[in-house]
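A.B. asks: Pasting a structure here, questions to come.
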Amino acid sequence: MSGCGAKHLVLVGMMGAGKSSVGRVLARKLDRPLLDSDELIEQRTGRTVREIWMTDGEAAFRELETRTLVDALNDDEPSVVAAAGGVVLSAANRIALAESDAHVVWLLANVDVLIDRVKNGAHRPLLDDDPEAMLRAMHRDRDELYRDVADAIVSVDNRSVHDVAQAVLRCAG
Ligand code: S3P
């Protein structure tokens with residue numbers, strides 16, 4: 001974990017917090033590549049997150065998530081990383097974040113905002129059964145873990161993608 005001026009800018013947070021959309025704006029502003037975990041996993045495997053999850057199971061997906069994070073952190077070229085929502089579940093990933101030259105920003109969202117944002121998306125297997133209950137449980141279980149890895153916390157509630165990106169840059173620029 002590093003302060004502002006670190007090589008990589010890493011966005012963490014729950015699904016629906018806006019890591020990918022804020023990451024796209026930041027990558028453009030900073031003229032850096034965006035390394036988006038789910039996108040990279042899909043490019044590398046030629047399969048969707050849902051296919052991997054359903055066929056190989058969560059553990060296999062989490063391994064790909066870890067490999068993608070570690071590769072991104074080890075990349076010499078400074079980047080913006082939209083980390084997968086579940087990346088903080090692994091202690092090894094949390095240590096990798098802490099030991100890397102990365103500024104980690106937690107995009108913090110109220111759980112009701114998250115529920116509203118993800119309710120129409122069909123690509124997240126974890127939300128297949130009871131999305132609201134699942135998101136509340138994940139929010140509760142992961143709060144401490146995101147806090148643990150974060151160098152900075154930016155609230156996304158009632159803010160546009162552009163405003164969130166500006167808030168991230170205030171520290172990371
Ligand atoms: C997950 C988040 C998803 C995706 C998978 C699992 C999680 O990514 O990796 O469905 O455990 O939080 P996003 O955070 O980009 O939605």
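In the structure tokens, chains take the letters A, B, ... in the order shown, each chain's residues start at 1, and ligands count up from 1 in the order shown.
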Counting only C-alpha atoms and all ligand atoms, which protein, DNA or RNA residues come within 8 Å of ligand 1, given as a list in words?
C.D. replies: Gly13, Met14, Met15, Gly16, Ala17, Lys19, Ser20, Asp36, Ser37, Asp38, Val49, Arg50, Glu65, Ala82, Ala83, Ala84, Gly85, Gly86, Val87, His123, Arg124, Pro125, Leu126, Leu127 and Met138 of chain A
A.B. asks: Asn158 of chain A: which residues within 12 Å, counting only C-alpha atoms, same-chain residues fewer than 3 positions away excluded, as an NGL selection string?
C.D. replies: :A and (17 or 108-110 or 112-114 or 154-155 or 161-164)
A.B. asks: Once DSSP has gone over the backbone, tell me which residues of chain A are in strand (DSSP E), as number ranges by chain.
C.D. replies: A: 8-12, 34-36, 80-82, 102-108, 152-155
A.B. asks: Quick check, in Å to one decimal: how far apart do atom CA of Thr48 of chain A and atom CA of Asp143 of chain A lie?
C.D. replies: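 Interatomic distance here is 27.0 Å.
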A.B. asks: Given only C-alpha atoms as the basis, pick out the residue of A:Ser79, A:Thr55, A:Thr45, A:Thr68 nearest to Lys7 of chain A.
C.D. replies: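 The answer is A:Ser79, which sits nearest to Lys7 of chain A.
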A.B. asks: Could you check which of A:Ala60, A:Leu9, A:Val156, A:Leu73 is closest to Ile95 of chain A, using only C-alpha atoms?
C.D. replies: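 The closest residue to Ile95 of chain A is A:Leu73.
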A.B. asks: Could you please determine the separation between atom CA of Arg94 of chain A and atom CA of Gly18 of chain A in Å, to one decimal place?
C.D. replies: 20.3 Å
A.B. asks: Pick from A:His103, A:Arg170, A:Arg117, A:Arg159: nearest to Val10 of chain A, with only C-alpha atoms counted?
C.D. replies: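 Looking only at the distances to Val10 of chain A, the closest residue turns out to be A:His103.
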A.B. asks: Would you mind writing down, as a count of residues only, each residue of segment 12-159 of chain A that DSSP on the backbone assigns to alpha helix (DSSP H)?
C.D. replies: 82
A.B. asks: Taking into account only C-alpha atoms, which residue in the set A:Asp157, A:Lys29, A:Asp148, A:Glu58 is nearest to Val104 of chain A?
C.D. replies: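 Nearest to Val104 of chain A: A:Asp148.
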A.B. asks: For Leu89 of chain A, list every protein, DNA or RNA residue within 10 Å, evaluated using only C-alpha atoms, and leave out those in the same chain fewer than 5 positions away; present the list as a list in words.
C.D. replies: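 The residues satisfying every condition are Arg62, Arg94, Asp141, Arg142, Leu145 and Tyr146 of chain A.
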A.B. asks: Hey, can you spit out that residue selection with C-alpha atoms as a tab-separated table (two decimals), in the first residue's frame?
C.D. replies:
```tsv
chain	number	residue	atom	x	y	z
A	62	ARG	CA	-10.98	-16.63	-7.71
A	94	ARG	CA	-4.61	-8.14	0.43
A	141	ASP	CA	-18.70	-9.17	5.28
A	142	ARG	CA	-16.36	-7.16	3.09
A	145	LEU	CA	-11.56	-5.95	4.18
A	146	TYR	CA	-11.94	-3.01	1.82
```
